[in-house]
Structure formats: structure tokens, C-alpha cells
>>> print(open('entry-v7.csv').read())   # CSV, C-alpha atoms
chain,number,residue,atom,x,y,z
A,152,MET,CA,156.8,157.9,112.4
A,153,VAL,CA,153.7,156.4,114.1
A,154,SER,CA,151.4,154.8,111.5
A,155,ARG,CA,147.7,155.8,111.2
A,156,VAL,CA,145.1,153.6,112.9
A,157,ARG,CA,142.4,152.2,110.6
A,158,VAL,CA,139.0,151.7,112.4
A,159,TRP,CA,135.9,150.2,110.9
A,160,LEU,CA,132.3,150.7,112.2
A,161,ASN,CA,129.7,148.5,110.6
A,162,ARG,CA,126.0,149.3,110.3
A,163,THR,CA,125.9,151.5,113.4
A,164,TYR,CA,123.7,154.2,114.8
A,165,ALA,CA,123.7,157.7,113.2
A,166,GLU,CA,124.8,159.2,116.5
A,167,ASN,CA,128.1,157.5,116.2
A,168,VAL,CA,129.3,160.2,113.9
A,169,PHE,CA,130.4,161.8,117.2
A,170,PHE,CA,132.3,158.6,118.1
A,171,MET,CA,134.1,159.1,114.8
A,172,ASP,CA,134.8,162.8,115.5
A,173,GLN,CA,136.3,161.9,118.9
A,174,LEU,CA,138.6,159.3,117.3
A,175,ARG,CA,140.0,162.0,115.0
A,176,ARG,CA,140.4,164.5,117.8
A,177,ASN,CA,142.3,162.1,120.0
A,178,PRO,CA,144.7,163.5,122.6
A,179,SER,CA,147.5,161.3,121.3
A,180,ASP,CA,147.3,163.3,118.0
A,181,ARG,CA,147.4,160.0,116.2
A,182,ALA,CA,146.2,159.9,112.6
A,183,VAL,CA,143.0,157.9,112.4
A,184,GLU,CA,141.4,156.6,109.2
A,185,ILE,CA,137.8,155.6,109.6
A,186,HIS,CA,135.9,153.1,107.3
A,187,ALA,CA,132.2,152.7,107.6
A,188,THR,CA,129.6,150.3,106.1
A,189,HIS,CA,125.8,150.5,106.2
A,190,GLY,CA,122.7,149.2,104.5
A,191,ASP,CA,121.3,152.7,104.2
A,192,PRO,CA,123.1,154.9,101.6
A,193,ASP,CA,121.8,158.0,103.4
A,194,SER,CA,123.3,157.1,106.8
A,195,PRO,CA,125.4,160.1,108.0
A,196,VAL,CA,127.9,157.6,109.3
A,197,LEU,CA,128.9,156.8,105.7
A,198,ALA,CA,129.4,160.5,104.9
A,199,ALA,CA,131.5,161.0,108.0
A,200,ALA,CA,133.9,158.2,107.2
A,201,ASP,CA,137.1,158.5,105.2
A,202,THR,CA,136.0,155.5,103.1
A,203,ALA,CA,132.6,153.8,103.0
A,204,ASP,CA,130.8,150.9,101.4
A,205,LEU,CA,127.2,149.8,101.2
A,206,GLU,CA,126.8,146.4,102.9
A,207,PRO,CA,125.5,143.5,100.9
A,208,GLU,CA,121.9,142.6,101.9
A,209,GLY,CA,120.5,139.2,102.9
A,210,LEU,CA,123.7,137.7,104.3
A,211,SER,CA,123.4,135.0,106.9
A,212,PRO,CA,125.5,135.7,110.1
A,213,ALA,CA,128.1,133.2,108.8
A,214,ALA,CA,128.3,134.8,105.4
A,215,TYR,CA,128.6,138.2,107.0
A,216,VAL,CA,131.6,137.0,109.0
A,217,GLU,CA,133.3,136.0,105.7
A,218,PHE,CA,132.4,139.4,104.3
A,219,ALA,CA,133.9,141.1,107.3
A,220,LEU,CA,137.1,139.1,107.3
A,221,ASP,CA,137.6,139.9,103.7
A,222,LEU,CA,137.0,143.6,104.2
A,223,CYS,CA,139.4,143.7,107.2
A,224,ALA,CA,142.1,142.1,105.1
A,225,ARG,CA,141.6,144.3,102.1
A,226,ARG,CA,141.4,147.5,104.0
A,227,SER,CA,144.1,146.6,106.6
A,228,ILE,CA,141.7,147.4,109.4
A,229,ASP,CA,143.4,147.7,112.8
A,230,VAL,CA,140.3,147.9,115.0
A,231,PHE,CA,136.8,146.7,114.1
A,232,VAL,CA,133.8,147.9,116.2
A,233,PRO,CA,131.0,145.5,115.3
A,234,ARG,CA,127.3,146.1,116.0
A,235,LEU,CA,125.5,144.1,113.3
A,236,HIS,CA,126.0,140.4,113.8
A,237,GLN,CA,128.2,141.1,116.8
A,238,ALA,CA,127.7,137.6,118.3
A,239,ALA,CA,128.8,135.8,115.1
A,240,ILE,CA,131.8,138.1,114.7
A,241,VAL,CA,133.2,137.7,118.2
A,242,ALA,CA,133.0,133.9,117.8
A,243,HIS,CA,135.7,134.3,115.2
A,244,ARG,CA,138.1,136.6,117.1
A,245,ALA,CA,141.1,134.5,116.3
A,246,GLU,CA,140.5,134.7,112.6
A,247,PHE,CA,140.2,138.5,112.7
A,248,GLU,CA,143.4,138.6,114.8
A,249,ALA,CA,145.1,136.4,112.1
A,250,VAL,CA,144.4,139.2,109.5
A,251,GLY,CA,145.7,141.9,111.9
A,252,THR,CA,142.3,143.2,113.2
A,253,ALA,CA,141.5,143.6,116.8
A,254,LEU,CA,137.8,143.4,117.8
A,255,LEU,CA,136.5,146.2,120.0
A,256,ALA,CA,133.8,143.9,121.5
A,257,PRO,CA,133.3,141.4,124.4
A,258,PRO,CA,134.0,137.7,124.1
A,259,PRO,CA,131.2,135.4,122.9
A,260,GLN,CA,130.0,134.2,126.3
A,261,ALA,CA,129.5,137.8,127.5
A,262,VAL,CA,127.6,138.7,124.4
A,263,ALA,CA,125.4,135.6,124.7
A,264,VAL,CA,124.3,136.4,128.3
A,265,PHE,CA,123.0,139.8,127.4
A,266,GLN,CA,121.3,139.0,124.1
A,267,ASP,CA,118.3,137.7,126.1
A,268,LYS,CA,117.0,140.0,128.9
A,269,VAL,CA,115.6,137.1,130.9
A,270,ILE,CA,118.9,135.2,130.9
A,271,ALA,CA,120.6,138.5,131.7
A,272,TYR,CA,118.3,139.3,134.7
A,273,GLU,CA,118.8,135.8,136.1
A,274,ALA,CA,122.5,136.0,135.7
A,275,VAL,CA,123.0,139.4,137.3
A,276,GLN,CA,120.6,138.4,140.2
A,277,ALA,CA,123.0,135.5,140.9
A,278,ILE,CA,125.8,138.0,141.5
A,279,GLY,CA,123.8,140.2,143.8
A,280,VAL,CA,122.7,143.0,141.4
A,281,PRO,CA,119.0,144.0,142.0
A,282,VAL,CA,116.5,143.7,139.2
A,283,PRO,CA,112.8,144.6,139.0
A,284,PRO,CA,110.1,142.0,139.2
A,285,TRP,CA,109.6,140.5,135.8
A,286,TRP,CA,107.5,137.9,133.9
A,287,ARG,CA,108.3,136.3,130.6
A,288,VAL,CA,105.1,136.1,128.6
A,289,ARG,CA,104.2,134.4,125.3
A,290,GLY,CA,100.5,134.8,125.0
A,291,ALA,CA,97.4,136.6,126.2
A,292,GLY,CA,96.8,134.6,129.4
A,293,GLU,CA,100.3,135.1,130.7
A,294,LEU,CA,100.2,138.8,129.9
A,295,LEU,CA,96.9,139.4,131.7
A,296,ALA,CA,98.1,137.5,134.8
A,297,ALA,CA,101.3,139.5,134.9
A,298,VAL,CA,99.5,142.9,134.4
A,299,GLU,CA,96.9,142.0,137.1
A,300,GLU,CA,99.7,141.1,139.6
A,301,LEU,CA,101.6,144.3,138.9
A,302,GLU,CA,98.5,146.5,139.2
A,303,ALA,CA,97.5,144.8,142.5
A,304,GLY,CA,100.9,146.0,143.8
A,305,GLY,CA,100.2,149.6,142.7
A,306,HIS,CA,102.4,149.5,139.6
A,307,LYS,CA,101.9,150.4,135.9
A,308,ALA,CA,102.8,147.4,133.7
A,309,CYS,CA,105.0,147.7,130.6
A,310,PHE,CA,106.4,145.2,128.2
A,311,LYS,CA,109.3,145.0,125.7
A,312,PRO,CA,110.8,142.2,123.6
A,313,ALA,CA,113.0,139.8,125.5
A,314,SER,CA,115.6,140.4,122.9
A,315,GLY,CA,116.2,143.8,121.4
A,316,ALA,CA,117.9,147.2,121.8
A,317,GLY,CA,117.2,150.9,121.7
A,318,GLY,CA,113.8,150.8,123.2
A,319,VAL,CA,112.2,149.1,120.2
A,320,GLY,CA,108.9,147.5,121.1
A,321,PHE,CA,108.6,149.1,124.5
A,322,ARG,CA,105.0,149.9,125.5
A,323,VAL,CA,103.1,150.9,128.7
A,324,ILE,CA,99.8,149.2,129.4
A,325,THR,CA,96.7,151.3,130.1
A,326,ARG,CA,93.1,150.2,130.8
A,327,ALA,CA,91.7,153.5,129.6
A,328,PRO,CA,89.4,152.8,126.6
A,329,PHE,CA,90.6,154.1,123.2
A,330,SER,CA,89.1,157.4,122.4
A,331,LEU,CA,89.8,160.7,120.5
A,332,LEU,CA,91.9,161.7,123.5
A,333,HIS,CA,94.5,159.2,122.3
A,334,LEU,CA,94.6,160.9,118.9
A,335,ASP,CA,95.4,164.3,120.4
A,336,GLY,CA,99.0,165.6,120.6
A,337,PHE,CA,102.0,163.4,119.9
A,338,PRO,CA,102.0,159.6,119.9
A,339,THR,CA,102.8,158.0,123.3
A,340,PRO,CA,104.1,154.6,124.4
A,341,TYR,CA,100.7,153.8,126.0
A,342,VAL,CA,98.7,151.0,124.5
A,343,GLN,CA,95.2,149.7,125.6
A,344,LEU,CA,95.3,146.3,127.3
A,345,ASP,CA,92.2,145.1,125.5
A,346,LEU,CA,93.8,145.8,122.1
A,347,VAL,CA,97.0,144.0,123.1
A,348,LEU,CA,95.1,141.0,124.3
A,349,ARG,CA,93.0,140.9,121.1
A,350,ALA,CA,96.2,141.1,119.0
A,351,LEU,CA,97.8,138.3,121.0
A,352,ARG,CA,94.8,136.0,120.7
A,353,GLU,CA,94.6,136.6,116.9
A,354,ALA,CA,98.4,136.2,116.4
A,355,GLU,CA,99.5,133.1,114.6
A,356,GLU,CA,102.7,132.7,116.6
A,357,PRO,CA,103.5,133.4,120.3
A,358,VAL,CA,105.4,136.5,121.3
A,359,ASP,CA,108.5,136.6,123.5
A,360,TRP,CA,108.0,139.6,125.9
A,361,LEU,CA,109.3,140.7,129.2
A,362,VAL,CA,106.6,142.3,131.4
A,363,MET,CA,107.6,144.4,134.4
A,364,PRO,CA,106.6,147.5,136.4
A,365,ARG,CA,107.3,150.8,134.7
A,366,LEU,CA,110.4,152.1,136.4
A,367,GLU,CA,110.9,155.6,137.6
A,368,GLN,CA,113.4,158.3,136.7
A,369,PRO,CA,116.2,159.1,136.8
A,370,GLU,CA,117.6,156.8,134.3
A,371,VAL,CA,121.3,156.3,134.7
A,372,SER,CA,123.5,154.8,131.9
A,373,VAL,CA,126.9,153.8,133.1
A,374,ASP,CA,129.5,153.7,130.3
A,375,CYS,CA,132.3,151.2,131.2
A,376,LEU,CA,135.6,150.5,129.6
A,377,THR,CA,136.9,147.1,130.7
A,378,GLY,CA,140.2,145.4,129.8
A,379,ARG,CA,140.6,141.8,128.8
A,380,ASP,CA,141.9,141.2,132.4
A,381,ASN,CA,138.2,141.9,133.5
A,382,LEU,CA,139.2,145.1,135.3
A,383,VAL,CA,137.2,148.3,134.6
A,384,ARG,CA,139.3,151.2,133.5
A,385,LEU,CA,136.5,153.8,133.3
A,386,ALA,CA,133.0,154.0,134.7
A,387,VAL,CA,130.9,157.2,134.5
A,388,GLY,CA,127.1,157.5,134.8
A,389,ARG,CA,125.0,159.6,132.5
A,390,THR,CA,121.8,160.7,134.1
A,391,LYS,CA,118.5,161.4,132.3
A,392,HIS,CA,115.4,162.9,133.9
A,393,GLY,CA,113.1,164.2,131.2
A,394,ARG,CA,115.0,166.6,129.0
A,395,ARG,CA,117.7,167.3,131.7
A,396,ARG,CA,120.8,165.2,131.5
A,397,GLY,CA,124.0,165.2,133.6
A,398,PHE,CA,126.7,163.0,135.1
A,399,THR,CA,127.2,161.0,138.3
A,400,LEU,CA,129.9,159.0,140.0
A,401,HIS,CA,127.6,157.8,142.8
A,402,GLU,CA,128.5,154.3,143.9
A,403,GLN,CA,124.9,153.1,144.0
A,404,PHE,CA,125.1,153.1,140.2
A,405,LEU,CA,128.8,152.5,139.6
A,406,GLU,CA,129.4,149.6,142.0
A,407,PRO,CA,126.8,147.3,140.4
A,408,ALA,CA,127.9,148.4,136.9
A,409,ARG,CA,131.5,147.4,137.7
A,410,ARG,CA,130.3,144.2,139.2
A,411,ILE,CA,128.5,143.3,136.0
A,412,ALA,CA,131.3,144.5,133.6
A,413,GLU,CA,134.0,142.6,135.5
A,414,GLY,CA,131.9,139.6,136.5
A,415,PHE,CA,130.8,138.8,133.0
A,416,GLY,CA,133.9,140.0,131.1
A,417,LEU,CA,132.2,142.8,129.2
A,418,HIS,CA,135.5,143.7,127.6
A,419,HIS,CA,136.0,147.1,125.9
A,420,LEU,CA,133.0,149.4,125.8
A,421,SER,CA,129.7,148.5,127.4
A,422,ASN,CA,126.7,150.4,128.7
A,423,ILE,CA,124.7,149.4,131.8
A,424,GLN,CA,121.4,151.1,132.5
A,425,PHE,CA,119.5,151.5,135.8
A,426,ARG,CA,116.2,153.0,136.8
A,427,MET,CA,114.5,153.4,140.2
A,428,PHE,CA,112.1,150.9,141.7
A,429,GLY,CA,110.9,152.6,144.8
A,430,GLU,CA,113.9,154.0,146.6
A,431,ARG,CA,116.6,151.8,145.0
A,432,PRO,CA,118.2,151.6,141.6
A,433,VAL,CA,117.6,148.3,139.7
A,434,LEU,CA,119.1,147.0,136.4
A,435,MET,CA,117.1,148.0,133.3
A,436,ASP,CA,119.3,146.8,130.5
A,437,VAL,CA,122.9,145.9,129.5
A,438,ASN,CA,124.4,146.8,126.1
A,439,ALA,CA,127.5,144.8,125.2
A,440,ARG,CA,128.6,147.6,122.9
A,441,PRO,CA,129.3,151.3,122.9
A,442,ALA,CA,126.3,153.4,123.7
A,443,GLY,CA,125.1,156.0,121.2
A,444,GLY,CA,125.5,158.7,123.8
A,445,LEU,CA,129.0,157.7,124.7
A,446,HIS,CA,130.4,160.9,123.2
A,447,GLN,CA,128.7,162.9,125.8
A,448,LEU,CA,131.4,162.0,128.2
A,449,SER,CA,133.5,164.6,126.4
A,450,LEU,CA,131.7,167.1,128.6
A,451,CYS,CA,133.7,165.6,131.5
A,452,GLY,CA,137.0,165.8,129.7
A,453,VAL,CA,137.0,162.1,128.7
A,454,ASN,CA,137.6,160.7,125.2
A,455,ALA,CA,136.2,157.2,125.7
A,456,PRO,CA,136.3,156.1,122.1
A,457,TRP,CA,140.0,156.8,121.8
A,458,ALA,CA,140.8,155.1,125.2
A,459,ALA,CA,138.9,152.0,123.9
A,460,VAL,CA,140.9,151.9,120.6
A,461,ARG,CA,144.1,152.2,122.6
A,462,LEU,CA,143.1,149.3,124.8
A,463,ALA,CA,142.1,147.2,121.8
A,464,LEU,CA,145.5,147.8,120.3
A,465,GLY,CA,147.2,146.7,123.5
A,466,ASP,CA,148.1,150.2,124.7
A,467,ASP,CA,146.5,150.2,128.2
A,468,PRO,CA,145.3,153.7,129.1
A,469,GLY,CA,145.2,152.7,132.8
A,470,GLN,CA,142.6,153.9,135.2
A,471,ILE,CA,140.6,156.9,133.8
A,472,VAL,CA,139.0,159.3,136.2
A,473,PRO,CA,137.1,162.3,134.8
A,474,PRO,CA,138.9,165.5,135.7
A,475,PHE,CA,135.5,167.1,136.3
A,476,LEU,CA,131.8,166.4,135.8
A,477,GLY,CA,130.2,168.5,133.1
A,478,GLN,CA,127.2,170.7,133.8
A,479,ASP,CA,123.7,169.6,133.1
A,480,TYR,CA,122.8,169.6,129.4
A,481,THR,CA,120.1,168.6,126.9
A,482,VAL,CA,120.2,166.9,123.5
A,483,VAL,CA,119.0,168.6,120.3
A,484,SER,CA,119.0,167.7,116.7
A,485,GLY,CA,121.4,169.3,114.2
A,486,PRO,CA,122.4,168.8,110.5
A,487,ARG,CA,125.1,166.4,109.4
A,488,PRO,CA,126.3,166.0,105.8
A,489,LEU,CA,125.2,163.1,103.6
A,490,ARG,CA,126.8,161.7,100.5
A,491,PRO,CA,126.0,163.9,97.5
A,492,VAL,CA,123.8,161.4,95.7
A,493,SER,CA,121.0,159.6,97.3
A,494,VAL,CA,120.7,156.0,96.1
A,495,SER,CA,117.1,154.8,96.4
A,496,ALA,CA,117.4,151.6,94.5
A,497,ARG,CA,119.5,148.6,95.5
A,498,ARG,CA,122.8,148.3,93.6
A,499,THR,CA,123.4,145.5,91.2
A,500,GLU,CA,126.0,142.8,92.0
A,501,GLN,CA,128.5,144.6,89.8
A,502,GLU,CA,127.9,147.9,91.6
A,503,ALA,CA,128.1,146.2,95.0
A,504,ALA,CA,131.7,145.2,94.3
A,505,ALA,CA,132.7,148.9,93.9
A,506,PRO,CA,133.4,151.0,97.0
A,507,VAL,CA,131.2,154.0,97.9
A,508,ARG,CA,132.9,157.3,97.2
A,509,PRO,CA,133.8,159.4,100.2
A,510,ALA,CA,131.4,162.2,101.0
A,511,VAL,CA,131.9,165.8,99.7
A,512,PRO,CA,130.6,167.8,102.6
A,513,ALA,CA,130.6,171.1,100.7
A,514,HIS,CA,127.8,169.8,98.5
A,515,ALA,CA,126.2,167.3,100.8
A,516,GLN,CA,122.6,167.1,101.9
A,517,ALA,CA,121.7,167.2,105.7
A,518,ALA,CA,120.6,164.5,108.1
A,519,SER,CA,119.6,164.9,111.7
A,520,ALA,CA,122.0,164.0,114.4
A,521,ALA,CA,121.8,164.7,118.2
A,522,GLU,CA,124.1,167.3,119.6
A,523,VAL,CA,124.5,168.3,123.3
A,524,LEU,CA,123.9,171.8,124.6
A,525,PRO,CA,124.3,173.0,128.2
A,526,LEU,CA,121.2,173.9,130.3
>>> encode(input="entry-v7.csv", output="C-alpha cells")
Amino acid sequence: MVSRVRVWLNRTYAENVFFMDQLRRNPSDRAVEIHATHGDPDSPVLAAADTADLEPEGLSPAAYVEFALDLCARRSIDVFVPRLHQAAIVAHRAEFEAVGTALLAPPPQAVAVFQDKVIAYEAVQAIGVPVPPWWRVRGAGELLAAVEELEAGGHKACFKPASGAGGVGFRVITRAPFSLLHLDGFPTPYVQLDLVLRALREAEEPVDWLVMPRLEQPEVSVDCLTGRDNLVRLAVGRTKHGRRRGFTLHEQFLEPARRIAEGFGLHHLSNIQFRMFGERPVLMDVNARPAGGLHQLSLCGVNAPWAAVRLALGDDPGQIVPPFLGQDYTVVSGPRPLRPVSVSARRTEQEAAAPVRPAVPAHAQAASAAEVLPL
């Protein structure tokens, strides 16, 4: 009898409830037990897990590694998919392997390259992958110089943190003066240049931003599965143009994605994003982790989470080619169950030692999660 596989996801995105669903519906018909931890007691990921715990707050990366090692040993975790403190965790891969846990994450050197977007851009340029023009800015003078140079070339300037994920901190520069027009409708990413310059001049510490031209659609996110031999097993592009989404196997996106994944050893699951600069695709970002939208590859007949777990356990799935490309689709919000009782206050140290009870979906509250619908 084949034993069940125990998988742990730590403090991950709500959309990964679908990652968990796919693990349970795996084509090998293997029993999977999922453990989840999070800092938010109302995360739908906790409710979707078989067992769940609230994470202790305020741990340093080193202390978090100790917490993670202890949890893996106590719960007999076979595969750990780390998001929070990924860099610190992968530096201790041998210690996790010693307690019987495989890390579904790249090695430390690969994680380090892509933590800083400037280092990442310089590194991928060196292997021939095109990137957009960019400036690293730390104050008002550098920002203004970069914006003026971009505008002189006919581009809109935008900026984002040099380190970060998920589009947090992304803004587009405008010179239009602030007016009631900017208070009409929904908030936008546009921000007035004079307000940004004033904020920078009044700031007590420098910022660390990447300034570049606003790139054009379509956006193409290539999901890659790469073995520890540095060979890509799966590469599929997910396209985004406004609300419409779809899939592509065009080599103008897949070839540079494979070059990055294999060249930098982005083992297991990664997501490599491109946008258009003029007529050619350029690198936008690299995520050394599974993308939140990875489950959308199920529309192409691919169960990428399960293939990744197999690979982490040493069961090589071989080359994976989608049997078909799914039709265009869109993403909408839908309800997901929460744990029955919402915990608003932080637990005491005594409570923190006790595991969170599994969810009871029949009596649970609802949270929003993105689902896909065909167009």
C-alpha cells in the first residue's frame, strides 16, 4: 500500500487553495494530506487544509527556520513549499532532508539572484535575455532624471520597489495636476510626479526603486517546472490582455524562460514574466516560487502542482507537454470556506502551542478566491 504524501504550505496566497485542490485530485490517485500555516486566522488556505496552525509572530528568519524544522519533524512533512522566509529556509536544505522533508524550492543562489530586481536584470542580460531600460533610484533627483529621459523617448515612466512581489508598490507617473478627475471612478496606479518628488524630498530615508518604461500588453507568465539537473520538464505561457486570458507555447516567450530557469537553477516551480517593449518581449519579473495562477494550467490538461511534488520526492515525471491549450478565459471571484470562528485577537503563548482545528465547511464563513471561467 502506497503511503500518503504530507505537504506543508506556509503563509501563502489565498489563491493557492486551488494548488491544494489539484494535489488532492492528482492523476496518480495518491492520498495527500495538506498542512497549512498562516498569520491570518481567516486565510482560506487554513480552512482548505487537513490540519492547520497559526504561525508565531515576530520570528527572525533564523528563528523561523527552527520553527519550520520542528514542525516538519512533528508532522512528518514529506514536501515543504515555502513562501515566507524562503531564502533562509533553502539555506538549510540539508537539515530539512535530515528530518525527511524535501523542499519544493530553488537552491539559495537562485533565490538570491531574483530577490533584487536590479541584480536579476543584470544577471539575465548577461545570458542574452532582453530587459527593458531601467534606472535604480534612491531620491528625488535620480527619479526626476530617469522620468525625463524616459519621457524624452516617448515612454510613460513607472516605478516599483527593487525588492518585492505581487505588484506591491507599482505606480505609473503622470504630470497631470491632481484634480477632482482623479477622485472619480475607481483608484488607479497613476500618481502625480510633483507629489512623488515632494514625498521623496520630505522622506527621512532613501527609497530603493526601479524606474522603467511602462511596458505594453500582452503580459505572458511562463510557468516552469525544472529538475535539480537544471533541465526544464514543463514550460507553458499564460497570457493576459485586460480581462482576457489564454495560453501560449510560442518560443519567443518559452525560449528565454527556459534559458533563465536552466541557467540559474530555478529548481522546481518558478514563474517568469514578460511584457512587450515595442515589438519584442522583455523580461518583467522572475518569481522563484509557484505562481498564484499556476492552477490555471489545469485548463490545458496539466496538473503542475502534483508533477512538482513528484519531482521533489525523486519521482521524475519526465517531459510534460500539454495535450491541448485551453480556450480563452477570465478570472472571477467566488466564495471559499473559512474556519468557523474568526480570531481577531492574537493568541497567548499557551494558545500558540495548540494546533488550529481543521475547518468545518458546512458551517464556515466565506472568503473571496479567484476562479476561472471560459470566455
>>> atom_distance(input="entry-v7.csv", atom1="CA of Glu370 in chain A", atom2="CA of Asn177 in chain A")
29.0 Å
>>> closest_residue(input="entry-v7.csv", among="A:Leu160, A:Val383, A:Ala253, A:Leu346", to="Arg326 in chain A", atoms="only C-alpha atoms")
A:Leu346
>>> residues_around(input="entry-v7.csv", residues="Thr339 in chain A", least_positions_apart="6", cutoff="10 Å", atoms="all atoms listed in the file", output="list in words")
Arg322, Val323 and His333 of chain A
>>> atom_distance(input="entry-v7.csv", atom1="CA of Leu294 in chain A", atom2="CA of Val362 in chain A")
7.4 Å
>>> residues_near_point(input="entry-v7.csv", point="(116.2, 138.2, 135.6)", cutoff="10 Å", atoms="only C-alpha atoms", output="PyMOL selection string")
chain A and resi 267-277+280-287+361+434
>>> residues_around(input="entry-v7.csv", residues="Gly190 in chain A", least_positions_apart="5", cutoff="10 Å", atoms="only C-alpha atoms", output="PyMOL selection string")
chain A and resi 161-163+197+204-208+497
>>> write_last_selection(input="entry-v7.csv", atoms="C-alpha atoms", output="PDB file, in the frame of the given file")
ATOM      1  CA  ASN A 161     129.700 148.500 110.600  1.00  0.00           C
ATOM      2  CA  ARG A 162     126.000 149.300 110.300  1.00  0.00           C
ATOM      3  CA  THR A 163     125.900 151.500 113.400  1.00  0.00           C
ATOM      4  CA  LEU A 197     128.900 156.800 105.700  1.00  0.00           C
ATOM      5  CA  ASP A 204     130.800 150.900 101.400  1.00  0.00           C
ATOM      6  CA  LEU A 205     127.200 149.800 101.200  1.00  0.00           C
ATOM      7  CA  GLU A 206     126.800 146.400 102.900  1.00  0.00           C
ATOM      8  CA  PRO A 207     125.500 143.500 100.900  1.00  0.00           C
ATOM      9  CA  GLU A 208     121.900 142.600 101.900  1.00  0.00           C
ATOM     10  CA  ARG A 497     119.500 148.600  95.500  1.00  0.00           C
TER      11      ARG A 497
END
>>> atom_distance(input="entry-v7.csv", atom1="CA of Phe310 in chain A", atom2="CA of Ala296 in chain A")
13.1 Å
>>> closest_residue(input="entry-v7.csv", among="A:Pro192, A:Gly416, A:Gly251, A:Gly318", to="Leu220 in chain A", atoms="all atoms listed in the file")
A:Gly251
>>> residues_near_point(input="entry-v7.csv", point="(128.2, 140.0, 115.2)", cutoff="10 Å", atoms="all atoms listed in the file", output="list in words")
Asn161, Pro212, Ala213, Tyr215, Val216, Ala219, Val232, Pro233, Arg234, Leu235, His236, Gln237, Ala238, Ala239, Ile240, Val241, Ala242, His243, Ala256, Pro259 and Val262 of chain A
>>> closest_residue(input="entry-v7.csv", among="A:Met171, A:Val482, A:Leu351, A:Val288", to="Ala187 in chain A", atoms="only C-alpha atoms")
A:Met171
>>> residues_around(input="entry-v7.csv", residues="Ile228 in chain A", least_positions_apart="6", cutoff="9 Å", atoms="all atoms listed in the file", output="number ranges by chain")
A: 156-159, 186, 222, 250-253
>>> closest_residue(input="entry-v7.csv", among="A:Ala182, A:Leu448, A:Leu254, A:Ala200", to="Arg389 in chain A", atoms="all atoms listed in the file")
A:Leu448
>>> residues_around(input="entry-v7.csv", residues="Gly443 in chain A", least_positions_apart="3", cutoff="10 Å", atoms="all atoms listed in the file", output="PyMOL selection string")
chain A and resi 163-170+317+422+440+446-447+521
>>> closest_residue(input="entry-v7.csv", among="A:Leu476, A:Ala245, A:Leu366, A:Val358", to="Gly388 in chain A", atoms="only C-alpha atoms")
A:Leu476
